[in-house]
>>> print(open('start34.txt').read())   # compact mmCIF, C-alpha atoms
# COMPACT_ATOMS: atom_id res chain seq x y z
CA MET A 1 75.05 -59.69 -116.36
CA ASN A 2 72.83 -57.87 -118.87
CA ARG A 3 70.45 -55.05 -117.92
CA LEU A 4 67.04 -54.53 -119.49
CA ILE A 5 66.30 -50.83 -119.82
CA THR A 6 62.63 -50.04 -119.13
CA SER A 7 60.53 -46.99 -118.27
CA TRP A 8 60.55 -48.21 -114.66
CA GLY A 9 64.29 -48.64 -114.26
CA ASP A 10 67.19 -50.76 -115.47
CA LEU A 11 66.75 -54.38 -114.48
CA PRO A 12 69.63 -56.87 -114.09
CA LEU A 13 68.38 -60.11 -115.62
CA THR A 14 69.84 -63.55 -116.20
CA ARG A 15 68.65 -66.93 -117.37
CA PHE A 16 68.68 -69.90 -115.01
CA PRO A 17 71.02 -71.38 -114.12
CA SER A 18 73.06 -68.21 -114.30
CA ASP A 19 76.32 -68.59 -116.18
CA PRO A 20 78.53 -65.55 -116.92
CA ARG A 21 79.82 -67.35 -120.02
CA ASP A 22 76.32 -67.73 -121.47
CA PRO A 23 75.96 -65.26 -124.39
CA LEU A 24 72.15 -65.57 -124.46
CA ARG A 25 70.14 -62.80 -122.79
CA ALA A 26 67.11 -63.25 -120.57
CA TRP A 27 64.92 -61.21 -122.92
CA ASP A 28 64.62 -60.28 -126.57
CA ALA A 29 63.22 -57.48 -128.74
CA SER A 30 59.66 -58.75 -128.39
CA ASP A 31 59.79 -58.31 -124.60
CA GLU A 32 61.16 -54.78 -125.09
CA TYR A 33 58.44 -53.98 -127.63
CA LEU A 34 55.64 -55.09 -125.33
CA LEU A 35 56.99 -53.25 -122.30
CA GLY A 36 57.51 -50.11 -124.36
CA HIS A 37 53.96 -50.32 -125.67
CA LEU A 38 52.51 -50.64 -122.16
CA ALA A 39 54.48 -47.61 -120.99
CA GLU A 40 53.69 -45.44 -124.03
CA THR A 41 49.96 -46.19 -123.98
CA GLY A 42 49.70 -45.88 -120.21
CA THR A 43 47.98 -49.25 -119.97
CA ASP A 44 46.10 -49.57 -116.68
CA LEU A 45 47.84 -52.35 -114.74
CA THR A 46 45.36 -52.48 -111.87
CA GLY A 47 43.30 -55.57 -111.22
CA THR A 48 44.54 -59.00 -112.28
CA VAL A 49 47.40 -59.00 -114.77
CA ALA A 50 48.35 -62.40 -116.20
CA VAL A 51 51.63 -62.93 -118.05
CA VAL A 52 51.77 -66.14 -120.09
CA GLY A 53 54.92 -67.67 -121.56
CA ASP A 54 57.36 -65.23 -119.92
CA ARG A 55 60.53 -67.14 -120.74
CA TRP A 56 62.99 -65.93 -118.11
CA GLY A 57 60.90 -63.50 -116.07
CA ALA A 58 61.76 -60.30 -117.92
CA LEU A 59 58.11 -59.30 -118.31
CA ALA A 60 57.08 -60.25 -114.78
CA THR A 61 60.07 -58.45 -113.25
CA ALA A 62 59.46 -55.27 -115.26
CA LEU A 63 55.73 -55.28 -114.52
CA ALA A 64 56.40 -55.75 -110.81
CA ALA A 65 58.58 -52.62 -110.97
CA ALA A 66 55.90 -50.74 -112.93
CA ARG A 67 53.16 -51.62 -110.48
CA SER A 68 55.35 -50.74 -107.52
CA ALA A 69 56.18 -47.34 -108.99
CA ALA A 70 52.50 -46.60 -109.62
CA HIS A 71 51.37 -48.06 -106.26
CA VAL A 72 48.97 -50.29 -108.17
CA THR A 73 46.86 -52.88 -106.40
CA GLY A 74 45.77 -56.23 -107.75
CA ASP A 75 47.23 -59.60 -108.63
CA LEU A 76 50.21 -60.02 -110.94
CA LEU A 77 50.50 -63.60 -112.21
CA GLN A 78 53.07 -65.42 -114.28
CA ILE A 79 51.92 -68.67 -115.90
CA SER A 80 54.79 -70.83 -117.13
CA ASP A 81 55.45 -74.40 -118.23
CA SER A 82 59.16 -74.07 -117.49
CA TYR A 83 60.78 -74.87 -114.14
CA LEU A 84 63.96 -73.14 -115.31
CA GLY A 85 61.96 -70.08 -116.35
CA ARG A 86 60.23 -70.03 -112.97
CA ARG A 87 63.56 -70.18 -111.13
CA ALA A 88 64.95 -67.41 -113.33
CA THR A 89 61.91 -65.28 -112.51
CA GLU A 90 62.42 -65.81 -108.77
CA ASP A 91 66.08 -64.81 -109.02
CA ASN A 92 65.42 -61.80 -111.25
CA LEU A 93 62.64 -60.51 -108.98
CA ALA A 94 64.91 -60.79 -105.95
CA ARG A 95 67.78 -59.12 -107.79
CA ALA A 96 65.50 -56.25 -108.81
CA GLY A 97 64.36 -55.74 -105.23
CA ALA A 98 60.73 -56.74 -105.81
CA ALA A 99 58.63 -57.11 -102.68
CA PRO A 100 57.92 -60.70 -101.57
CA GLY A 101 54.75 -61.90 -103.26
CA ALA A 102 54.88 -59.17 -105.92
CA VAL A 103 54.32 -61.86 -108.56
CA ARG A 104 52.31 -65.03 -108.03
CA LEU A 105 54.00 -67.84 -109.94
CA LEU A 106 51.65 -70.41 -111.48
CA THR A 107 52.44 -73.38 -113.67
CA THR A 108 50.49 -74.52 -116.71
CA GLN A 109 49.11 -77.31 -114.52
CA ASP A 110 47.63 -74.91 -111.94
CA PRO A 111 44.01 -73.70 -112.17
CA PRO A 112 43.90 -70.43 -114.14
CA PRO A 113 42.57 -67.23 -112.52
CA GLU A 114 38.81 -66.66 -112.58
CA LYS A 115 39.13 -63.14 -114.00
CA VAL A 116 41.89 -61.41 -115.98
CA ASP A 117 41.95 -57.66 -116.63
CA VAL A 118 45.21 -57.54 -118.60
CA LEU A 119 46.40 -60.60 -120.51
CA LEU A 120 49.95 -60.49 -121.87
CA VAL A 121 51.16 -63.42 -123.97
CA ARG A 122 54.73 -64.12 -125.01
CA VAL A 123 54.12 -66.39 -128.00
CA PRO A 124 55.74 -69.77 -127.27
CA LYS A 125 57.61 -71.95 -129.71
CA SER A 126 54.83 -74.53 -129.41
CA LEU A 127 51.61 -73.59 -131.17
CA ALA A 128 49.87 -76.36 -129.22
CA LEU A 129 50.89 -74.84 -125.89
CA LEU A 130 49.59 -71.45 -127.04
CA GLU A 131 46.29 -73.01 -128.06
CA ASP A 132 45.89 -74.79 -124.73
CA GLN A 133 46.72 -71.70 -122.67
CA LEU A 134 44.36 -69.44 -124.62
CA HIS A 135 41.57 -71.98 -124.14
CA ARG A 136 42.27 -72.23 -120.41
CA LEU A 137 42.31 -68.45 -119.95
CA ALA A 138 39.42 -67.57 -122.26
CA PRO A 139 36.74 -67.96 -119.54
CA ALA A 140 38.59 -65.37 -117.43
CA VAL A 141 38.57 -62.74 -120.18
CA HIS A 142 35.81 -60.10 -120.13
CA ASP A 143 34.74 -57.19 -122.32
CA GLY A 144 37.25 -54.81 -120.73
CA THR A 145 40.25 -57.12 -120.78
CA VAL A 146 43.33 -55.73 -122.51
CA ILE A 147 44.95 -58.53 -124.55
CA VAL A 148 48.40 -58.05 -126.06
CA GLY A 149 50.67 -60.77 -127.42
CA THR A 150 54.28 -60.41 -128.46
CA GLY A 151 56.85 -62.40 -130.36
CA MET A 152 59.56 -62.22 -132.95
CA VAL A 153 58.34 -61.96 -136.55
CA LYS A 154 59.57 -65.50 -137.29
CA GLU A 155 57.45 -66.81 -134.40
CA ILE A 156 54.16 -65.18 -135.39
CA HIS A 157 52.41 -66.94 -138.26
CA THR A 158 48.93 -66.88 -139.71
CA SER A 159 48.14 -69.91 -137.56
CA THR A 160 49.20 -67.94 -134.46
CA LEU A 161 46.81 -65.09 -135.24
CA THR A 162 44.06 -67.55 -136.10
CA LEU A 163 44.26 -69.02 -132.59
CA PHE A 164 43.93 -65.61 -130.94
CA GLU A 165 40.98 -64.71 -133.16
CA ARG A 166 39.19 -68.05 -132.94
CA ILE A 167 39.52 -68.40 -129.16
CA LEU A 168 39.50 -64.80 -127.86
CA GLY A 169 38.28 -62.37 -130.51
CA PRO A 170 39.18 -60.09 -133.46
CA THR A 171 42.94 -59.83 -133.83
CA ARG A 172 45.39 -57.56 -135.62
CA THR A 173 49.16 -57.17 -135.60
CA SER A 174 51.44 -54.18 -135.25
CA LEU A 175 54.22 -53.04 -137.49
CA ALA A 176 57.50 -54.84 -136.93
CA VAL A 177 60.12 -53.22 -134.70
CA LYS A 178 63.55 -54.85 -134.40
CA LYS A 179 62.02 -57.96 -136.02
CA ALA A 180 59.34 -58.17 -133.31
CA ARG A 181 55.57 -57.70 -133.51
CA LEU A 182 52.68 -57.17 -131.16
CA ILE A 183 49.33 -58.93 -131.36
CA HIS A 184 46.25 -56.94 -130.34
CA THR A 185 43.03 -58.83 -129.62
CA THR A 186 39.61 -57.45 -128.72
CA PRO A 187 37.64 -59.83 -126.48
CA ALA A 188 34.55 -61.07 -128.28
CA ALA A 189 34.09 -64.82 -128.10
CA THR A 190 31.38 -66.08 -125.75
CA ALA A 191 31.40 -69.41 -123.97
CA GLY A 192 28.80 -70.79 -126.35
CA GLU A 193 30.81 -69.86 -129.44
CA ARG A 194 34.22 -70.86 -128.14
CA PRO A 195 35.71 -74.01 -129.74
CA GLU A 196 36.58 -76.99 -127.59
CA ASN A 197 40.11 -77.34 -126.26
CA PRO A 198 41.72 -80.35 -128.04
CA TRP A 199 44.36 -80.76 -125.33
CA PRO A 200 45.51 -83.04 -123.80
CA TYR A 201 45.83 -85.20 -126.90
CA ARG A 202 45.58 -89.00 -126.88
CA TYR A 203 46.80 -91.35 -129.57
CA ALA A 204 47.77 -94.99 -130.00
CA LEU A 205 51.41 -95.87 -130.50
CA PRO A 206 51.95 -97.61 -133.86
CA ALA A 207 51.60 -101.37 -134.18
CA ASP A 208 55.32 -101.64 -134.92
CA ALA A 209 56.43 -99.56 -131.93
CA PRO A 210 59.37 -101.31 -130.24
CA ALA A 211 60.00 -102.26 -126.60
CA GLY A 212 56.55 -103.64 -125.85
CA LEU A 213 54.76 -100.37 -126.54
CA ALA A 214 52.90 -101.42 -129.70
CA GLY A 215 49.33 -100.15 -129.74
CA LEU A 216 49.39 -98.57 -126.28
CA SER A 217 47.36 -95.41 -125.89
CA VAL A 218 49.38 -92.45 -124.59
CA VAL A 219 48.47 -88.93 -123.55
CA ASN A 220 50.40 -85.76 -124.28
CA GLN A 221 49.74 -82.43 -122.66
CA ALA A 222 50.11 -79.44 -124.99
CA GLY A 223 53.68 -78.32 -125.60
CA VAL A 224 55.30 -81.71 -125.05
CA PHE A 225 57.78 -82.56 -127.80
CA CYS A 226 56.25 -84.43 -130.73
CA ALA A 227 52.82 -84.41 -129.10
CA ASP A 228 50.87 -86.29 -131.76
CA ARG A 229 53.16 -89.19 -132.65
CA LEU A 230 56.17 -91.26 -131.62
CA ASP A 231 59.16 -89.26 -132.85
CA ILE A 232 61.80 -91.08 -134.85
CA GLY A 233 64.65 -90.40 -132.42
CA THR A 234 62.75 -91.93 -129.53
CA ARG A 235 61.71 -94.87 -131.71
CA PHE A 236 65.37 -95.53 -132.52
CA PHE A 237 66.34 -95.24 -128.84
CA LEU A 238 63.61 -97.72 -127.85
CA GLN A 239 65.11 -100.29 -130.20
CA HIS A 240 68.46 -100.19 -128.37
CA LEU A 241 67.70 -99.79 -124.66
CA PRO A 242 69.88 -101.73 -122.18
CA ARG A 243 68.39 -104.95 -120.82
CA ASP A 244 68.50 -107.17 -117.73
CA LEU A 245 68.64 -104.23 -115.33
CA GLY A 246 67.47 -106.07 -112.22
CA ARG A 247 66.88 -103.69 -109.33
CA ALA A 248 68.68 -100.76 -110.98
CA ARG A 249 67.58 -97.20 -110.24
CA VAL A 250 66.85 -95.81 -113.70
CA VAL A 251 66.29 -92.16 -114.63
CA ASP A 252 64.37 -91.01 -117.70
CA LEU A 253 66.12 -87.63 -117.89
CA GLY A 254 64.20 -85.04 -119.93
CA CYS A 255 61.39 -87.57 -119.97
CA GLY A 256 58.85 -85.81 -122.21
CA ASN A 257 55.76 -88.00 -122.21
CA GLY A 258 57.74 -90.76 -120.52
CA VAL A 259 57.58 -93.51 -123.13
CA VAL A 260 61.27 -94.41 -122.69
CA GLY A 261 60.89 -94.88 -118.94
CA LEU A 262 57.59 -96.67 -119.49
CA ALA A 263 59.29 -99.15 -121.83
CA VAL A 264 61.87 -99.87 -119.12
CA ALA A 265 59.13 -100.30 -116.51
CA LEU A 266 57.27 -102.82 -118.69
CA ALA A 267 60.41 -104.81 -119.55
CA GLU A 268 62.14 -104.63 -116.17
CA PRO A 269 59.68 -105.42 -113.35
CA GLU A 270 62.23 -104.84 -110.57
CA ALA A 271 63.74 -101.60 -111.85
CA GLU A 272 63.15 -98.40 -109.88
CA LEU A 273 62.09 -95.50 -112.13
CA LEU A 274 62.54 -91.75 -111.84
CA PHE A 275 60.99 -89.47 -114.48
CA THR A 276 62.23 -85.88 -114.57
CA ASP A 277 61.78 -82.92 -116.89
CA GLU A 278 61.80 -79.14 -116.60
CA SER A 279 58.34 -78.98 -118.23
CA TYR A 280 55.29 -79.30 -115.99
CA GLN A 281 53.28 -80.47 -119.01
CA ALA A 282 55.81 -83.20 -119.78
CA VAL A 283 55.92 -84.64 -116.27
CA ALA A 284 52.11 -84.62 -116.05
CA SER A 285 52.00 -86.58 -119.32
CA ALA A 286 54.65 -89.05 -118.18
CA GLU A 287 52.90 -89.70 -114.89
CA GLU A 288 49.51 -90.33 -116.51
CA ASN A 289 51.03 -92.69 -119.06
CA PHE A 290 52.89 -94.62 -116.37
CA ARG A 291 49.83 -94.87 -114.11
CA THR A 292 47.75 -96.11 -117.04
CA HIS A 293 50.07 -98.84 -118.29
CA ALA A 294 52.48 -99.88 -115.51
CA GLY A 295 49.78 -101.12 -113.14
CA ASP A 296 48.59 -99.97 -109.74
CA ALA A 297 51.24 -101.98 -107.89
CA ARG A 298 54.16 -100.31 -109.70
CA THR A 299 55.62 -97.12 -108.26
CA ALA A 300 57.86 -94.43 -109.70
CA GLU A 301 59.03 -90.91 -108.90
CA PHE A 302 58.01 -87.90 -110.98
CA THR A 303 59.95 -84.67 -110.59
CA VAL A 304 59.75 -81.29 -112.29
CA GLY A 305 63.16 -79.72 -111.88
CA ASP A 306 66.58 -78.86 -113.20
CA GLY A 307 67.48 -82.29 -114.50
CA LEU A 308 69.48 -84.21 -111.88
CA ALA A 309 70.87 -81.10 -110.18
CA ASP A 310 69.18 -82.04 -106.90
CA ALA A 311 69.92 -85.77 -107.03
CA ALA A 312 72.31 -87.15 -104.44
CA PRO A 313 75.75 -88.08 -105.79
CA GLY A 314 76.07 -91.77 -106.58
CA SER A 315 72.34 -92.39 -106.21
CA VAL A 316 71.41 -93.84 -109.61
CA ASP A 317 72.54 -96.73 -111.77
CA LEU A 318 71.37 -95.79 -115.26
CA VAL A 319 70.38 -92.53 -116.96
CA LEU A 320 68.52 -92.53 -120.27
CA ASN A 321 68.55 -89.21 -122.10
CA ASN A 322 67.30 -87.66 -125.33
CA PRO A 323 68.53 -84.11 -124.73
CA PRO A 324 67.06 -81.03 -126.40
CA PHE A 325 69.33 -78.92 -128.56
CA HIS A 326 67.19 -75.78 -128.56
CA SER A 327 66.53 -73.20 -125.86
CA HIS A 328 63.35 -71.64 -127.24
CA GLN A 329 64.51 -70.40 -130.68
CA ALA A 330 68.25 -70.58 -129.97
CA THR A 331 70.23 -73.64 -131.02
CA THR A 332 72.63 -74.61 -128.23
CA ASP A 333 74.27 -77.67 -126.67
CA ARG A 334 74.35 -76.00 -123.24
CA THR A 335 71.38 -78.00 -121.94
CA ALA A 336 72.86 -81.30 -123.14
CA ARG A 337 76.23 -80.54 -121.55
CA ARG A 338 74.58 -79.76 -118.21
CA MET A 339 72.48 -82.92 -118.40
CA PHE A 340 75.56 -85.05 -119.08
CA ALA A 341 77.53 -83.45 -116.23
CA GLU A 342 74.62 -83.82 -113.78
CA ALA A 343 74.19 -87.45 -114.83
CA ARG A 344 77.84 -88.20 -114.15
CA ARG A 345 77.60 -86.68 -110.67
CA ALA A 346 74.38 -88.61 -109.87
CA LEU A 347 75.64 -91.97 -111.17
CA ARG A 348 77.31 -94.49 -108.90
CA PRO A 349 80.76 -95.77 -109.98
CA GLY A 350 80.12 -98.14 -112.86
CA GLY A 351 76.78 -96.49 -113.61
CA GLU A 352 75.96 -95.64 -117.21
CA LEU A 353 74.50 -92.77 -119.24
CA TRP A 354 72.81 -93.76 -122.51
CA VAL A 355 72.09 -90.93 -124.95
CA VAL A 356 70.31 -90.69 -128.28
CA GLY A 357 70.92 -87.73 -130.57
CA ASN A 358 71.28 -86.54 -134.12
CA ARG A 359 74.60 -87.64 -135.60
CA HIS A 360 75.69 -84.08 -136.42
CA LEU A 361 75.50 -82.89 -132.80
CA GLY A 362 78.78 -84.56 -131.86
CA TYR A 363 77.68 -85.76 -128.43
CA HIS A 364 80.43 -88.40 -128.45
CA VAL A 365 83.00 -85.60 -128.08
CA THR A 366 81.12 -84.01 -125.18
CA LEU A 367 80.71 -87.34 -123.40
CA ARG A 368 84.41 -88.09 -123.63
CA ARG A 369 85.23 -84.70 -122.14
CA ILE A 370 82.87 -85.23 -119.21
CA PHE A 371 83.17 -88.98 -118.60
CA GLY A 372 86.57 -89.68 -120.10
CA ASN A 373 84.96 -92.33 -122.28
CA GLY A 374 82.08 -92.99 -124.62
CA GLU A 375 81.17 -95.67 -127.11
CA LEU A 376 78.76 -96.10 -129.99
CA VAL A 377 75.91 -98.52 -129.23
CA ALA A 378 73.94 -98.15 -132.45
CA SER A 379 73.57 -95.80 -135.42
CA ASP A 380 71.53 -95.14 -138.51
CA PRO A 381 71.87 -92.39 -141.15
CA LYS A 382 70.34 -89.79 -138.78
CA PHE A 383 70.76 -90.90 -135.14
CA VAL A 384 73.31 -92.43 -132.79
CA VAL A 385 72.90 -94.11 -129.42
CA LEU A 386 75.93 -93.55 -127.19
CA ARG A 387 77.01 -95.03 -123.86
CA ALA A 388 79.30 -93.52 -121.24
CA VAL A 389 80.39 -95.15 -117.97
CA LYS A 390 81.26 -93.39 -114.73
CA ARG A 391 84.68 -94.69 -113.72
>>> encode(input="start34.txt", output="structure tokens")
Amino acid sequence: MNRLITSWGDLPLTRFPSDPRDPLRAWDASDEYLLGHLAETGTDLTGTVAVVGDRWGALATALAAARSAAHVTGDLLQISDSYLGRRATEDNLARAGAAPGAVRLLTTQDPPPEKVDVLLVRVPKSLALLEDQLHRLAPAVHDGTVIVGTGMVKEIHTSTLTLFERILGPTRTSLAVKKARLIHTTPAATAGERPENPWPYRYALPADAPAGLAGLSVVNQAGVFCADRLDIGTRFFLQHLPRDLGRARVVDLGCGNGVVGLAVALAEPEAELLFTDESYQAVASAEENFRTHAGDARTAEFTVGDGLADAAPGSVDLVLNNPPFHSHQATTDRTARRMFAEARRALRPGGELWVVGNRHLGYHVTLRRIFGNGELVASDPKFVVLRAVKR
């Protein structure tokens, strides 16, 4: 377990789910830079402090310790789109001995606070998610609000700074320290001058979209993968989905905006659908798209969670999966491996996992290790669709 050294103590922090073999830390230099800045400048942490995009709870845990040491009153909020990040925050707060209720955990789907006195933003990988969250929080910002963003140099672009300036007010950056920067914004924008939030975004699927989806209008909340178009990996997967499923219980695992599960629902009127993702934005998108196109009589389950970790063993017949191969900026197959293992546990004997992925990721090797088998269903120069059966 790694320990984050702060002015308010050394904090034992892990990602979620905790794995002693995981080499990735629960914080980076940008978190350290921001916390150091707050301590050195003596930033007043009274009132309502909102932390946006805190990836694994490092900022929230450290600020809870800071406020406890200073006997500060007020509301400390974390606003996150990640179920895994939320669980990590809960575990890290408990491990650090934070008082119950020291941090109020909100999702990106919850109403934002009415007033924010200190706004701290860990710049997300998704510029769209940043834009949406700044828009949602802008009405809560007032003349005295302290606004500080943080991120690694490679994550902060001109477009990032433009969003802060256009939505909140004049913006400048700090010097780089350990390849991290701070963003300082002075509140200035009024409600009348503030641009309109373009999220959620709606678009029509192309006329040549496969699996009965041609021309359907879909909605994507900000931050959902490939939010403005049908991505090519999903398009390829849709061309090769299994058919004649009858009353099968089908899981769209890592569902994103849910178009894969929606295609199954439209083609298989008796199939039972479960949509699950660790992103609150993704599941909200998937549910709206299903409700819009599957009809009022059709039902499905929508779950924000850790994949199929909470599913009963042997409870599903088919899992469809387009796994991510990034954890924020880090490239890793850890998430895919966990998804495959959880799918095997949740599948009934004879149940199947179908996966689409880039050819170079070598998922066929991972599937054979976990399932003992795996076969190629379809391929093109960039993608493969693979099938594994629980024996």
>>> residues_around(input="start34.txt", residues="A:Gly57", least_positions_apart="2", cutoff="8 Å", atoms="all atoms listed in the file", output="list in words")
Ala26, Asp54, Arg55, Leu59, Ala60, Thr61, Gly85, Arg86, Ala88, Thr89, Glu90, Asn92 and Leu93 of chain A
>>> residues_around(input="start34.txt", residues="A:Asp228", least_positions_apart="2", cutoff="8 Å", atoms="only C-alpha atoms", output="ChimeraX atom specification")
/A:201-203,220,226,230
>>> closest_residue(input="start34.txt", among="A:Gln239, A:Ile147, A:Tyr280, A:Pro187", to="A:Ser379", atoms="all atoms listed in the file")
A:Gln239
>>> closest_residue(input="start34.txt", among="A:Leu119, A:Ile79, A:Val52, A:Ala180", to="A:Glu32", atoms="only C-alpha atoms")
A:Ala180
>>> closest_residue(input="start34.txt", among="A:Arg368, A:Arg136, A:Lys125, A:Arg194", to="A:Pro111", atoms="all atoms listed in the file")
A:Arg136
>>> closest_residue(input="start34.txt", among="A:Asp31, A:Asp44, A:His293, A:Ala96", to="A:Gly9", atoms="only C-alpha atoms")
A:Ala96
>>> atom_distance(input="start34.txt", atom1="atom CA of A:Arg95", atom2="atom CA of A:Tyr33")
22.5 Å
>>> residues_around(input="start34.txt", residues="A:His240", least_positions_apart="2", cutoff="12 Å", atoms="only C-alpha atoms", output="number ranges by chain")
A: 210-211, 233-238, 242-243, 260, 263-264, 320, 354-356, 376-380, 383-387
>>> write_last_selection(input="start34.txt", atoms="C-alpha atoms", output="short mmCIF file (atom, residue, chain, number, x, y, z; two decimals), in the frame of the given file")
data_model
loop_
_atom_site.label_atom_id
_atom_site.label_comp_id
_atom_site.auth_asym_id
_atom_site.auth_seq_id
_atom_site.Cartn_x
_atom_site.Cartn_y
_atom_site.Cartn_z
CA PRO A 210 59.37 -101.31 -130.24
CA ALA A 211 60.00 -102.26 -126.60
CA GLY A 233 64.65 -90.40 -132.42
CA THR A 234 62.75 -91.93 -129.53
CA ARG A 235 61.71 -94.87 -131.71
CA PHE A 236 65.37 -95.53 -132.52
CA PHE A 237 66.34 -95.24 -128.84
CA LEU A 238 63.61 -97.72 -127.85
CA PRO A 242 69.88 -101.73 -122.18
CA ARG A 243 68.39 -104.95 -120.82
CA VAL A 260 61.27 -94.41 -122.69
CA ALA A 263 59.29 -99.15 -121.83
CA VAL A 264 61.87 -99.87 -119.12
CA LEU A 320 68.52 -92.53 -120.27
CA TRP A 354 72.81 -93.76 -122.51
CA VAL A 355 72.09 -90.93 -124.95
CA VAL A 356 70.31 -90.69 -128.28
CA LEU A 376 78.76 -96.10 -129.99
CA VAL A 377 75.91 -98.52 -129.23
CA ALA A 378 73.94 -98.15 -132.45
CA SER A 379 73.57 -95.80 -135.42
CA ASP A 380 71.53 -95.14 -138.51
CA PHE A 383 70.76 -90.90 -135.14
CA VAL A 384 73.31 -92.43 -132.79
CA VAL A 385 72.90 -94.11 -129.42
CA LEU A 386 75.93 -93.55 -127.19
CA ARG A 387 77.01 -95.03 -123.86
#
>>> closest_residue(input="start34.txt", among="A:Leu127, A:Val283, A:Leu34, A:Ala297", to="A:Gly149", atoms="all atoms listed in the file")
A:Leu34
>>> closest_residue(input="start34.txt", among="A:Val304, A:Leu213, A:Met339, A:Leu253", to="A:Ala265", atoms="all atoms listed in the file")
A:Leu213
